[in-house]
$ cat protein.csv   # CSV, C-alpha atoms and all ligand atoms
chain,number,residue,atom,x,y,z
K,770,MET,CA,0.0,0.0,0.0
K,771,ARG,CA,1.2,3.5,-0.9
K,772,ARG,CA,-1.1,5.9,0.8
K,773,ALA,CA,-0.6,9.4,2.2
K,774,ILE,CA,-2.1,10.9,5.4
K,775,LEU,CA,-1.7,14.6,5.7
K,776,ILE,CA,-2.5,16.2,9.0
K,777,VAL,CA,-2.8,19.9,9.6
K,778,MET,CA,-2.7,20.9,13.3
K,779,ASP,CA,-4.5,24.2,12.6
K,780,SER,CA,-2.4,27.1,13.8
K,781,PHE,CA,0.4,25.1,15.4
K,782,GLY,CA,3.3,27.4,14.3
K,783,ILE,CA,6.8,27.2,15.6
K,784,GLY,CA,7.9,30.8,15.2
K,785,GLY,CA,10.8,32.1,13.2
K,786,ALA,CA,9.2,33.3,10.0
K,787,VAL,CA,11.6,35.5,8.0
K,788,ASP,CA,8.8,37.9,7.1
K,789,ALA,CA,7.0,37.9,10.6
K,790,GLU,CA,7.8,41.6,11.1
K,791,ALA,CA,5.8,42.6,8.0
K,792,PHE,CA,2.8,41.1,9.7
K,793,GLY,CA,3.5,42.7,13.1
K,794,ASP,CA,4.4,39.2,14.4
K,795,ALA,CA,8.1,39.4,14.9
K,796,GLY,CA,8.8,37.0,17.9
K,797,ALA,CA,5.4,35.2,17.7
K,798,ASP,CA,5.9,31.5,18.4
K,799,THR,CA,2.8,29.4,19.1
K,800,PHE,CA,4.6,26.2,20.2
K,801,GLY,CA,7.5,28.0,21.9
K,802,HIS,CA,5.4,30.3,23.9
K,803,ILE,CA,2.9,27.6,25.0
K,804,ALA,CA,5.9,25.4,26.1
K,805,ALA,CA,7.4,28.3,28.0
K,806,ALA,CA,4.2,29.1,29.8
K,807,CYS,CA,3.7,25.5,30.7
K,808,ALA,CA,7.3,25.2,32.0
K,809,ALA,CA,6.8,28.4,34.1
K,810,GLY,CA,3.6,26.9,35.7
K,811,GLN,CA,1.4,29.4,34.0
K,812,ALA,CA,-0.8,26.9,32.1
K,813,ASP,CA,-2.1,24.8,35.0
K,814,ILE,CA,-5.8,25.0,34.3
K,815,GLY,CA,-7.2,21.6,33.4
K,816,ARG,CA,-3.6,20.3,33.1
K,817,ARG,CA,-0.3,20.7,34.9
K,818,GLY,CA,3.4,21.4,34.5
K,819,PRO,CA,5.7,21.2,31.5
K,820,LEU,CA,4.2,20.6,28.1
K,821,ALA,CA,4.3,16.8,27.6
K,822,LEU,CA,4.3,15.8,23.9
K,823,PRO,CA,6.4,12.6,23.9
K,824,HIS,CA,5.2,11.3,20.6
K,825,LEU,CA,5.6,14.5,18.6
K,826,GLU,CA,9.0,15.0,20.3
K,827,ALA,CA,10.0,11.5,19.3
K,828,LEU,CA,9.1,12.3,15.7
K,829,GLY,CA,11.4,15.4,15.9
K,830,LEU,CA,9.1,18.3,16.8
K,831,GLY,CA,11.8,19.7,19.2
K,832,ARG,CA,14.4,19.5,16.5
K,833,ALA,CA,12.1,21.1,13.9
K,834,ALA,CA,11.4,24.0,16.3
K,835,GLY,CA,15.0,24.2,17.5
K,836,THR,CA,14.2,23.5,21.2
K,837,ALA,CA,16.6,21.8,23.6
K,838,SER,CA,14.4,18.9,24.6
K,839,ALA,CA,14.8,17.2,21.2
K,840,PRO,CA,15.9,13.6,21.0
K,841,GLU,CA,19.3,12.9,19.4
K,842,GLN,CA,17.7,10.5,16.9
K,843,PRO,CA,14.2,11.5,15.9
K,844,GLU,CA,12.1,8.7,14.5
K,845,GLY,CA,10.7,10.7,11.6
K,846,LEU,CA,11.6,13.1,8.8
K,847,TRP,CA,11.8,16.4,10.7
K,848,GLY,CA,12.1,20.0,9.5
K,849,SER,CA,10.3,23.3,9.2
K,850,ALA,CA,8.6,25.2,6.4
K,851,GLY,CA,8.0,28.9,5.7
K,852,GLU,CA,5.0,30.3,3.9
K,853,VAL,CA,5.3,32.3,0.6
K,854,SER,CA,1.6,33.1,0.3
K,855,ARG,CA,0.9,36.7,1.1
K,856,GLY,CA,-1.7,36.0,3.8
K,857,LYS,CA,-1.5,34.1,7.0
K,858,ASP,CA,-5.0,32.7,6.7
K,859,THR,CA,-6.3,29.1,6.6
K,860,PRO,CA,-7.0,28.8,2.8
K,861,SER,CA,-3.6,30.3,1.9
K,862,GLY,CA,-1.9,27.9,4.3
K,863,HIS,CA,-3.8,24.8,3.1
K,864,TRP,CA,-3.6,25.6,-0.6
K,865,GLU,CA,0.1,26.2,-0.3
K,866,ILE,CA,0.5,22.9,1.5
K,867,ALA,CA,-1.4,21.4,-1.4
K,868,GLY,CA,1.1,22.9,-3.9
K,869,VAL,CA,-0.6,26.2,-4.7
K,870,PRO,CA,0.7,29.3,-2.9
K,871,VAL,CA,-1.6,32.4,-3.0
K,872,THR,CA,0.5,35.1,-4.7
K,873,PHE,CA,-2.3,37.7,-5.0
K,874,ASP,CA,-3.7,39.9,-2.2
K,875,TRP,CA,-7.0,39.0,-0.7
K,876,GLY,CA,-9.5,41.7,0.0
K,877,TYR,CA,-9.8,42.7,3.7
K,878,PHE,CA,-12.4,44.8,5.6
K,879,PRO,CA,-11.0,47.9,7.4
K,880,THR,CA,-10.8,48.1,11.2
K,881,GLU,CA,-13.1,51.1,11.2
K,882,ILE,CA,-16.7,50.8,12.4
K,883,PRO,CA,-18.8,50.1,10.4
K,884,THR,CA,-16.3,47.7,8.6
K,885,PHE,CA,-18.6,46.6,5.8
K,886,PRO,CA,-19.4,48.9,2.9
K,887,ALA,CA,-23.0,50.1,3.2
K,888,SER,CA,-23.7,49.1,-0.4
K,889,LEU,CA,-22.6,45.5,0.3
K,890,ILE,CA,-25.0,45.2,3.3
K,891,ALA,CA,-27.8,46.8,1.3
K,892,GLU,CA,-27.4,44.3,-1.5
K,893,ILE,CA,-27.3,41.3,0.9
K,894,MET,CA,-30.4,42.7,2.7
K,895,ASP,CA,-32.3,43.1,-0.6
K,896,ASP,CA,-31.4,39.6,-1.8
K,897,SER,CA,-32.0,37.7,1.5
K,898,GLY,CA,-34.8,39.7,3.1
K,899,ILE,CA,-33.0,40.0,6.5
K,900,PRO,CA,-34.2,43.1,8.4
K,901,GLY,CA,-30.7,44.4,9.1
K,902,ILE,CA,-27.4,43.4,10.7
K,903,LEU,CA,-25.7,43.6,14.0
K,904,GLY,CA,-22.0,43.8,14.7
K,905,ASP,CA,-20.4,45.3,11.5
K,906,ARG,CA,-16.9,45.3,12.9
K,907,HIS,CA,-13.8,43.3,13.6
K,908,ALA,CA,-14.4,41.0,16.6
K,909,SER,CA,-13.7,37.7,18.3
K,910,GLY,CA,-16.5,35.3,17.4
K,911,THR,CA,-17.3,34.1,20.9
K,912,GLU,CA,-17.2,37.6,22.4
K,913,ILE,CA,-19.5,39.2,19.8
K,914,ILE,CA,-22.0,36.4,20.2
K,915,ALA,CA,-22.0,36.9,24.0
K,916,GLU,CA,-22.5,40.6,23.4
K,917,LEU,CA,-25.1,40.7,20.7
K,918,GLY,CA,-26.6,37.2,20.7
K,919,GLU,CA,-29.7,38.1,22.7
K,920,GLU,CA,-30.4,41.2,20.6
K,921,SER,CA,-29.9,39.0,17.5
K,922,ILE,CA,-32.6,36.6,18.7
K,923,ARG,CA,-35.0,39.4,19.6
K,924,SER,CA,-34.5,41.4,16.4
K,925,GLY,CA,-34.0,38.7,13.9
K,926,LYS,CA,-30.8,40.5,12.7
K,927,PRO,CA,-27.8,38.2,12.2
K,928,ILE,CA,-24.4,39.3,13.5
K,929,PHE,CA,-21.9,40.2,10.8
K,930,TYR,CA,-18.2,40.5,11.7
K,931,THR,CA,-14.7,40.1,10.4
K,932,SER,CA,-11.1,39.7,11.5
K,933,GLY,CA,-7.5,40.2,10.2
K,934,ASP,CA,-8.3,37.4,7.7
K,935,SER,CA,-10.2,37.9,4.5
K,936,VAL,CA,-13.5,36.8,5.9
K,937,LEU,CA,-17.1,37.8,6.3
K,938,GLN,CA,-18.5,35.8,9.2
K,939,ILE,CA,-22.2,35.6,9.9
K,940,ALA,CA,-23.4,34.4,13.4
K,941,ALA,CA,-27.0,33.6,13.9
K,942,HIS,CA,-29.0,31.3,16.2
K,943,GLU,CA,-29.4,27.8,14.9
K,944,THR,CA,-33.1,27.5,15.8
K,945,HIS,CA,-34.5,31.1,16.2
K,946,PHE,CA,-32.9,32.3,13.0
K,947,GLY,CA,-32.6,28.8,11.5
K,948,LEU,CA,-29.6,26.8,10.3
K,949,GLU,CA,-30.7,26.4,6.6
K,950,ARG,CA,-31.7,30.1,6.5
K,951,LEU,CA,-28.2,31.0,7.8
K,952,PHE,CA,-26.6,28.8,5.1
K,953,ALA,CA,-28.8,30.4,2.4
K,954,LEU,CA,-27.8,33.9,3.7
K,955,CYS,CA,-24.2,32.9,3.5
K,956,GLY,CA,-24.7,31.8,-0.1
K,957,VAL,CA,-26.1,35.2,-1.0
K,958,ALA,CA,-23.3,36.9,0.8
K,959,ARG,CA,-20.7,34.8,-1.0
K,960,LYS,CA,-21.9,36.1,-4.3
K,961,HIS,CA,-21.8,39.7,-3.2
K,962,VAL,CA,-18.3,39.6,-1.7
K,963,ASP,CA,-16.8,37.9,-4.8
K,964,PRO,CA,-16.0,41.3,-6.4
K,965,LEU,CA,-14.2,42.3,-3.2
K,966,ASN,CA,-11.9,39.3,-3.4
K,967,ILE,CA,-12.9,38.0,0.0
K,968,GLY,CA,-11.6,34.5,0.7
K,969,ARG,CA,-14.4,33.1,2.8
K,970,VAL,CA,-17.9,33.7,4.1
K,971,ILE,CA,-18.3,31.7,7.3
K,972,ALA,CA,-21.6,30.6,8.8
K,973,ARG,CA,-21.3,30.6,12.6
K,974,PRO,CA,-24.4,29.1,14.0
K,975,PHE,CA,-24.9,29.1,17.8
K,976,LEU,CA,-27.3,27.7,20.4
K,977,GLY,CA,-28.3,28.8,23.9
K,978,GLU,CA,-30.7,31.5,25.1
K,979,SER,CA,-28.4,34.0,27.0
K,980,ALA,CA,-24.9,35.5,27.0
K,981,GLU,CA,-23.9,32.9,29.6
K,982,SER,CA,-25.2,29.9,27.7
K,983,PHE,CA,-24.4,30.7,24.1
K,984,ARG,CA,-22.1,28.2,22.4
K,985,ARG,CA,-21.1,27.8,18.8
K,986,THR,CA,-22.1,24.5,17.2
K,987,ALA,CA,-20.3,22.1,14.9
K,988,ASN,CA,-22.5,23.3,12.0
K,989,ARG,CA,-20.0,26.0,11.0
K,990,ARG,CA,-19.7,26.1,7.3
K,991,ASP,CA,-17.1,27.9,5.2
K,992,TYR,CA,-17.9,29.3,1.7
K,993,SER,CA,-14.5,29.6,0.1
K,994,VAL,CA,-13.5,30.7,-3.4
K,995,LEU,CA,-11.8,28.1,-5.5
K,996,PRO,CA,-8.0,27.8,-5.3
K,997,PRO,CA,-6.4,29.7,-8.2
K,998,GLU,CA,-4.8,26.6,-9.8
K,999,ALA,CA,-5.3,22.8,-9.7
K,1000,THR,CA,-4.0,21.5,-6.3
K,1001,LEU,CA,-2.5,18.2,-5.2
K,1002,LEU,CA,-6.1,17.1,-4.5
K,1003,ASP,CA,-7.1,17.7,-8.1
K,1004,ARG,CA,-4.1,15.8,-9.3
K,1005,ALA,CA,-5.0,12.9,-7.1
K,1006,VAL,CA,-8.7,12.8,-8.1
K,1007,ALA,CA,-7.7,13.1,-11.8
K,1008,ALA,CA,-5.5,10.0,-11.4
K,1009,GLY,CA,-8.5,8.1,-10.1
K,1010,ARG,CA,-7.4,8.2,-6.4
K,1011,LYS,CA,-9.7,8.8,-3.5
K,1012,VAL,CA,-9.2,12.0,-1.4
K,1013,ILE,CA,-10.9,11.7,1.9
K,1014,ALA,CA,-11.3,15.0,3.6
K,1015,ILE,CA,-11.5,15.1,7.4
K,1016,GLY,CA,-13.1,18.1,9.1
K,1017,LYS,CA,-13.1,21.5,7.3
K,1018,ILE,CA,-10.7,20.4,4.5
K,1019,GLY,CA,-13.7,20.0,2.1
K,1020,ASP,CA,-14.9,23.5,2.7
K,1021,ILE,CA,-11.4,25.0,2.5
K,1022,PHE,CA,-10.9,23.6,-1.0
K,1023,ALA,CA,-14.5,24.6,-2.0
K,1024,HIS,CA,-15.1,20.9,-2.4
K,1025,GLN,CA,-12.9,20.6,-5.4
K,1026,GLY,CA,-10.6,17.6,-5.6
K,1027,ILE,CA,-12.4,15.9,-2.7
K,1028,SER,CA,-14.0,12.5,-3.1
K,1029,GLU,CA,-15.5,12.2,0.4
K,1030,VAL,CA,-16.0,14.4,3.4
K,1031,ARG,CA,-16.0,13.1,7.0
K,1032,LYS,CA,-16.7,15.5,9.9
K,1033,GLY,CA,-16.4,15.4,13.7
K,1034,ASP,CA,-17.3,17.8,16.5
K,1035,GLY,CA,-14.0,18.6,18.1
K,1036,ASN,CA,-10.5,17.3,17.8
K,1037,MET,CA,-11.1,13.9,19.4
K,1038,ALA,CA,-14.1,13.2,17.1
K,1039,LEU,CA,-12.0,14.3,14.1
K,1040,PHE,CA,-9.3,11.9,15.3
K,1041,ASP,CA,-11.8,9.1,15.3
K,1042,ALA,CA,-13.0,10.1,11.8
K,1043,MET,CA,-9.4,10.1,10.6
K,1044,LEU,CA,-8.7,6.7,11.9
K,1045,GLY,CA,-11.8,5.4,10.2
K,1046,ALA,CA,-10.7,7.0,6.9
K,1047,ILE,CA,-7.3,5.3,7.2
K,1048,ARG,CA,-9.0,2.0,7.6
K,1049,ASP,CA,-11.1,2.6,4.5
K,1050,ALA,CA,-8.4,4.2,2.2
K,1051,GLY,CA,-7.0,2.1,-0.5
K,1052,ASP,CA,-3.7,2.0,-2.4
K,1053,GLY,CA,-2.7,5.4,-3.8
K,1054,ASP,CA,-5.4,7.3,-1.8
K,1055,LEU,CA,-4.9,10.5,0.3
K,1056,VAL,CA,-6.4,11.2,3.7
K,1057,PHE,CA,-6.3,14.9,4.5
K,1058,ALA,CA,-7.3,16.0,8.0
K,1059,ASN,CA,-7.6,19.3,9.7
K,1060,PHE,CA,-7.7,19.6,13.5
K,1061,VAL,CA,-9.5,22.9,13.9
K,1062,ASP,CA,-9.8,23.2,17.7
K,1063,PHE,CA,-6.1,24.3,18.2
K,1064,ASP,CA,-6.9,27.4,16.3
K,1065,SER,CA,-10.6,28.2,16.8
K,1066,ALA,CA,-11.2,27.0,20.4
K,1067,PHE,CA,-7.8,28.0,21.8
K,1068,GLY,CA,-5.5,30.1,19.6
K,1069,HIS,CA,-8.0,32.8,18.7
K,1070,ARG,CA,-9.3,32.6,22.3
K,1071,ARG,CA,-5.8,33.3,23.6
K,1072,ASP,CA,-6.2,30.3,25.9
K,1073,VAL,CA,-2.7,29.0,26.6
K,1074,ALA,CA,-3.7,26.2,29.0
K,1075,GLY,CA,-6.5,25.1,26.7
K,1076,TYR,CA,-4.1,25.0,23.7
K,1077,ALA,CA,-1.6,23.0,25.8
K,1078,ALA,CA,-4.2,20.5,26.9
K,1079,ALA,CA,-5.4,20.1,23.4
K,1080,LEU,CA,-1.8,19.4,22.2
K,1081,GLU,CA,-1.3,16.8,24.9
K,1082,ALA,CA,-4.7,15.1,24.2
K,1083,PHE,CA,-3.7,15.0,20.5
K,1084,ASP,CA,-0.3,13.6,21.3
K,1085,ARG,CA,-1.8,10.9,23.6
K,1086,ARG,CA,-3.7,9.6,20.6
K,1087,LEU,CA,-0.8,9.3,18.2
K,1088,PRO,CA,-0.1,5.7,19.1
K,1089,GLU,CA,-3.5,4.7,17.7
K,1090,PHE,CA,-2.5,6.6,14.5
K,1091,PHE,CA,0.9,4.8,14.3
K,1092,ALA,CA,-0.9,1.5,14.7
K,1093,ALA,CA,-3.3,2.3,11.8
K,1094,LEU,CA,-0.4,2.8,9.4
K,1095,GLN,CA,0.6,0.1,7.0
K,1096,PRO,CA,3.9,-0.6,5.2
K,1097,GLY,CA,4.2,1.9,2.3
K,1098,ASP,CA,2.2,4.6,4.1
K,1099,LEU,CA,3.6,8.2,4.5
K,1100,ALA,CA,2.1,10.3,7.2
K,1101,LEU,CA,2.9,14.1,7.4
K,1102,ILE,CA,2.1,16.4,10.3
K,1103,THR,CA,2.2,20.1,9.7
K,1104,ALA,CA,0.3,23.4,10.3
K,1105,ASP,CA,-1.2,26.1,8.2
K,1106,HIS,CA,-0.1,29.3,10.1
K,1107,GLY,CA,0.4,30.3,13.7
K,1108,CYS,CA,-2.0,31.6,16.3
K,1109,ASP,CA,0.2,32.3,19.3
K,1110,PRO,CA,-2.2,32.4,22.3
K,1111,THR,CA,0.2,34.7,24.2
K,1112,TRP,CA,0.2,37.3,21.4
K,1113,PRO,CA,-1.8,40.6,21.5
K,1114,GLY,CA,-5.2,40.6,19.7
K,1115,THR,CA,-7.0,37.5,18.5
K,1116,ASP,CA,-5.7,37.0,15.0
K,1117,HIS,CA,-3.3,34.5,13.4
K,1118,THR,CA,0.4,35.0,13.6
K,1119,ARG,CA,2.9,34.7,10.7
K,1120,GLU,CA,5.2,31.7,11.6
K,1121,ASN,CA,7.1,28.8,10.2
K,1122,VAL,CA,5.4,25.4,10.7
K,1123,PRO,CA,6.7,22.0,11.7
K,1124,VAL,CA,7.0,19.3,9.0
K,1125,LEU,CA,7.1,15.8,10.6
K,1126,GLY,CA,7.0,12.8,8.3
K,1127,PHE,CA,6.9,9.1,9.2
K,1128,GLY,CA,5.6,5.7,8.4
K,1129,PRO,CA,6.6,2.1,8.7
K,1130,GLY,CA,10.1,1.7,7.2
K,1131,ILE,CA,10.7,5.5,6.8
K,1132,ALA,CA,14.1,6.2,8.5
K,1133,GLY,CA,14.4,9.4,10.6
K,1134,ARG,CA,16.4,12.3,9.1
K,1135,GLY,CA,16.4,16.1,8.9
K,1136,ILE,CA,14.8,17.7,5.8
K,1137,GLY,CA,16.0,21.1,6.8
K,1138,HIS,CA,14.0,24.3,6.4
K,1139,ARG,CA,11.7,24.3,3.4
K,1140,LYS,CA,11.1,27.8,1.8
K,1141,THR,CA,7.5,27.0,0.9
K,1142,PHE,CA,4.7,24.8,2.4
K,1143,ALA,CA,4.4,23.6,-1.2
K,1144,ASP,CA,7.3,21.2,-0.6
K,1145,ILE,CA,4.9,19.2,1.6
K,1146,GLY,CA,2.3,18.7,-1.2
K,1147,GLU,CA,5.0,17.8,-3.7
K,1148,SER,CA,6.4,15.2,-1.3
K,1149,VAL,CA,2.9,13.7,-1.1
K,1150,ALA,CA,2.7,13.8,-4.9
K,1151,ALA,CA,6.0,12.1,-5.2
K,1152,HIS,CA,5.1,9.4,-2.7
K,1153,LEU,CA,1.8,8.7,-4.4
K,1154,GLY,CA,3.3,8.7,-7.9
K,1155,LEU,CA,1.3,11.8,-9.0
K,1156,PRO,CA,2.6,14.5,-11.4
K,1157,GLN,CA,4.8,17.1,-9.8
K,1158,GLY,CA,3.5,20.7,-9.5
K,1159,LYS,CA,5.6,23.8,-10.2
K,1160,HIS,CA,5.7,25.6,-6.9
K,1161,GLY,CA,7.5,23.1,-4.6
K,1162,THR,CA,10.1,20.3,-4.4
K,1163,SER,CA,9.7,16.9,-2.8
K,1164,PHE,CA,11.9,16.3,0.2
K,1165,LEU,CA,11.6,12.5,-0.1
K,1201,LIG,O1,-13.1,34.7,16.4
K,1201,LIG,P1,-13.5,33.6,15.5
K,1201,LIG,O2,-15.0,33.7,15.1
K,1201,LIG,O3,-13.2,32.2,16.0
K,1201,LIG,O4,-12.8,33.9,14.1
K,1201,LIG,C1,-11.7,33.2,13.7
K,1201,LIG,O5,-12.1,32.3,12.7
K,1201,LIG,C2,-12.0,32.8,11.4
K,1201,LIG,C3,-11.8,31.7,10.4
K,1201,LIG,O6,-10.8,30.8,10.7
K,1201,LIG,C4,-10.7,33.7,11.5
K,1201,LIG,O7,-10.8,34.7,10.6
K,1201,LIG,C5,-10.7,34.1,12.9
K,1201,LIG,O8,-11.0,35.4,13.1
K,1202,MN,MN,-6.1,27.7,10.1
K,1203,MN,MN,-8.2,30.8,12.5
$ encode --input "protein.csv" --output "structure tokens"
Amino acid sequence: MRRAILIVMDSFGIGGAVDAEAFGDAGADTFGHIAAACAAGQADIGRRGPLALPHLEALGLGRAAGTASAPEQPEGLWGSAGEVSRGKDTPSGHWEIAGVPVTFDWGYFPTEIPTFPASLIAEIMDDSGIPGILGDRHASGTEIIAELGEESIRSGKPIFYTSGDSVLQIAAHETHFGLERLFALCGVARKHVDPLNIGRVIARPFLGESAESFRRTANRRDYSVLPPEATLLDRAVAAGRKVIAIGKIGDIFAHQGISEVRKGDGNMALFDAMLGAIRDAGDGDLVFANFVDFDSAFGHRRDVAGYAAALEAFDRRLPEFFAALQPGDLALITADHGCDPTWPGTDHTRENVPVLGFGPGIAGRGIGHRKTFADIGESVAAHLGLPQGKHGTSFL
């Protein structure tokens, strides 16, 4: 069996990006700062003490990140990669991993209030019939729902907000407003933000009846534009291979180059879904998984202890993953950008990402620092015997 399993630990950066300063992120280091906080006893909520990631460390995480606790002889291919795409957002990171860097500038909404052009909101209101909007500014999704959720239920007006990413996010109550109605509204909004070059419209349904009880549900849906060129996923599908997308991978690629989508509510359910996909994948197939909680539940929330606990929970499950691999399989663990939970604000941070490769029979060695995430996708292509793309080089 020659299969590939590609895992994105969403936002698990390791610092050190050469262009971090241009993003206001010089010194940001998601892994390093979480580890430092844990070592200093500052991340003892729901967990305790130094960050314990024995399996990721055995694969070479410490060496990839340049930390002292690295083993002499990592068991996997270990290295780091920098991003050449102009944004530090999720689609840019994933598309570059899949061989297609984003070399154009996305459209962004300004930090002024209101952030959205009045004409855009008027068009969306006309087409969707909503009575108006709330929010209309940059915000943290959980905070703005706590602040405006009750008013949204009362008034029937959904909450529109954005961030440092190229996004229009729409939060509305799953039952009072209605989930299908929210999805339809996002479809309308998608059409109207196309001319503004906005990467994603994101439906953010929530449940609960008051600020204290509101919670976002797993029914988030991202409406992405298509990648600018054919990705690794398209190459795989064109060659008759199966691409099984775990979590939000399907949405991120606008469902292009995807054979099957499997979802899960939270990292542990996603891990289960990934193990199931590995059981079902055949020779030459690709399983591509995104673990979203690191970013959305902890990185953006600036929750250091929560992020650390999520890393440790993920690491504890890796033996199940190792056991699911078969001779000939290549597994790669990486990330799409940083989201340092110790950093000011609530946005992503420009960082290098770890690249850890392993599989039965793959000997450990350093692959150095890769200048583009595209080297990851090209390595998968080489492993699966797919045509090489033009933006990266295989490290196999
Ligand atoms: O604060 P929340 O709603 O989690 O928003 C985050 O999620 C968006 C999509 O990943 C990002 O743009 C970021 O701002
Ligand atoms: Mn991401
Ligand atoms: Mn994010």
$ closest_atom_pairs --input "protein.csv" --of "segment 975-1086 of chain K" --to "segment 919-933 of chain K" --cutoff "12 Å" --atoms "only C-alpha atoms" --output "tab-separated table"
residue	atom	partner	partner_atom	distance
K:Phe975	CA	K:Ile922	CA	10.8
K:Leu976	CA	K:Ile922	CA	10.5
K:Gly977	CA	K:Glu919	CA	9.5
K:Glu978	CA	K:Glu919	CA	7.1
K:Ser979	CA	K:Glu919	CA	6.1
K:Ala980	CA	K:Glu919	CA	6.9
K:Glu981	CA	K:Glu919	CA	10.4
K:Ser982	CA	K:Glu919	CA	10.6
K:Phe983	CA	K:Glu919	CA	9.2
K:His1069	CA	K:Ser932	CA	10.4
$ residues_near_ligand --input "protein.csv" --ligand "ligand MN 1203 (chain K)" --cutoff "9 Å" --atoms "all atoms listed in the file" --output "list in words"
Asp779, Ser780, Asp858, Thr859, Asp934, Val1061, Phe1063, Asp1064, Ser1065, Gly1068, His1069, His1106, Gly1107, Cys1108, Asp1116 and His1117 of chain K
$ atom_distance --input "protein.csv" --atom1 "atom CA of Pro1129 of chain K" --atom2 "atom CA of Leu1094 of chain K"
7.1 Å
$ atom_distance --input "protein.csv" --atom1 "atom CA of Gly1158 of chain K" --atom2 "atom CA of Asp1054 of chain K"
17.8 Å
$ closest_residue --input "protein.csv" --among "K:Gly829, K:Gly910, K:Gly1154, K:Gly1128" --to "Phe1091 of chain K" --atoms "only C-alpha atoms"
K:Gly1128
$ residues_around --input "protein.csv" --residues "Asp1049 of chain K" --least-positions-apart "6" --cutoff "10 Å" --atoms "only C-alpha atoms" --output "PDB file with C-alpha atoms, in the frame of the given file"
ATOM      1  CA  ILE K1013     -10.900  11.700   1.900  1.00  0.00           C
ATOM      2  CA  MET K1043      -9.400  10.100  10.600  1.00  0.00           C
ATOM      3  CA  VAL K1056      -6.400  11.200   3.700  1.00  0.00           C
TER       4      VAL K1056
END
$ residues_near_point --input "protein.csv" --point "(12.8, 21.6, 12.0)" --cutoff "9 Å" --atoms "all atoms listed in the file" --output "number ranges by chain"
K: 783, 829-835, 847-850, 1122-1125, 1135-1138
$ write_last_selection --input "protein.csv" --atoms "C-alpha atoms" --output "PDB file, keeping the file's coordinate frame"
ATOM      1  CA  ILE K 783       6.800  27.200  15.600  1.00  0.00           C
ATOM      2  CA  GLY K 829      11.400  15.400  15.900  1.00  0.00           C
ATOM      3  CA  LEU K 830       9.100  18.300  16.800  1.00  0.00           C
ATOM      4  CA  GLY K 831      11.800  19.700  19.200  1.00  0.00           C
ATOM      5  CA  ARG K 832      14.400  19.500  16.500  1.00  0.00           C
ATOM      6  CA  ALA K 833      12.100  21.100  13.900  1.00  0.00           C
ATOM      7  CA  ALA K 834      11.400  24.000  16.300  1.00  0.00           C
ATOM      8  CA  GLY K 835      15.000  24.200  17.500  1.00  0.00           C
ATOM      9  CA  TRP K 847      11.800  16.400  10.700  1.00  0.00           C
ATOM     10  CA  GLY K 848      12.100  20.000   9.500  1.00  0.00           C
ATOM     11  CA  SER K 849      10.300  23.300   9.200  1.00  0.00           C
ATOM     12  CA  ALA K 850       8.600  25.200   6.400  1.00  0.00           C
ATOM     13  CA  VAL K1122       5.400  25.400  10.700  1.00  0.00           C
ATOM     14  CA  PRO K1123       6.700  22.000  11.700  1.00  0.00           C
ATOM     15  CA  VAL K1124       7.000  19.300   9.000  1.00  0.00           C
ATOM     16  CA  LEU K1125       7.100  15.800  10.600  1.00  0.00           C
ATOM     17  CA  GLY K1135      16.400  16.100   8.900  1.00  0.00           C
ATOM     18  CA  ILE K1136      14.800  17.700   5.800  1.00  0.00           C
ATOM     19  CA  GLY K1137      16.000  21.100   6.800  1.00  0.00           C
ATOM     20  CA  HIS K1138      14.000  24.300   6.400  1.00  0.00           C
TER      21      HIS K1138
END
$ residues_around --input "protein.csv" --residues "Pro1156 of chain K" --least-positions-apart "4" --cutoff "9 Å" --atoms "all atoms listed in the file" --output "MDAnalysis selection string"
chainID K and resid 1001 1004:1005 1147 1150:1151
$ atom_distance --input "protein.csv" --atom1 "atom CA of Pro1096 of chain K" --atom2 "atom CA of Glu844 of chain K"
15.5 Å
$ closest_residue --input "protein.csv" --among "K:Leu1002, K:Leu948, K:Ala1038, K:Leu1165" --to "Gln1025 of chain K" --atoms "all atoms listed in the file"
K:Leu1002
$ closest_residue --input "protein.csv" --among "K:Ala1093, K:Leu1101, K:Ala940, K:Leu1055" --to "ligand LIG 1201 (chain K)" --atoms "only C-alpha atoms and all ligand atoms"
K:Ala940
$ residues_around --input "protein.csv" --residues "Ile803 of chain K" --least-positions-apart "4" --cutoff "9 Å" --atoms "only C-alpha atoms" --output "list of chain:residue names"
K:Asp798, K:Thr799, K:Cys807, K:Ala808, K:Ala812, K:Leu820, K:Val1073, K:Ala1074, K:Tyr1076, K:Ala1077, K:Asp1109, K:Pro1110, K:Thr1111
$ closest_residue --input "protein.csv" --among "K:Ile814, K:Ala1132, K:Ala773, K:Val970" --to "ligand LIG 1201 (chain K)" --atoms "only C-alpha atoms and all ligand atoms"
K:Val970
$ closest_residue --input "protein.csv" --among "K:Pro996, K:Gly845, K:Tyr877, K:Ile890" --to "His824 of chain K" --atoms "all atoms listed in the file"
K:Gly845
$ closest_residue --input "protein.csv" --among "K:Ala1100, K:Ala1058, K:Leu1155, K:Ile1047" --to "ligand MN 1202 (chain K)" --atoms "only C-alpha atoms and all ligand atoms"
K:Ala1058
$ residues_around --input "protein.csv" --residues "Asn1121 of chain K" --least-positions-apart "2" --cutoff "6 Å" --atoms "all atoms listed in the file" --output "count of residues only"
7
$ residues_around --input "protein.csv" --residues "Pro823 of chain K" --least-positions-apart "6" --cutoff "9 Å" --atoms "only C-alpha atoms" --output "VMD selection string"
chain K and resid 1081 1084 to 1085
$ closest_atom_pairs --input "protein.csv" --of "segment 959-1076 of chain K" --to "segment 892-908 of chain K" --cutoff "10 Å" --atoms "only C-alpha atoms" --output "tab-separated table"
residue	atom	partner	partner_atom	distance
K:Arg959	CA	K:Ile893	CA	9.5
K:Lys960	CA	K:Ile893	CA	9.1
K:His961	CA	K:Ile893	CA	7.0
K:Val962	CA	K:Ile893	CA	9.5
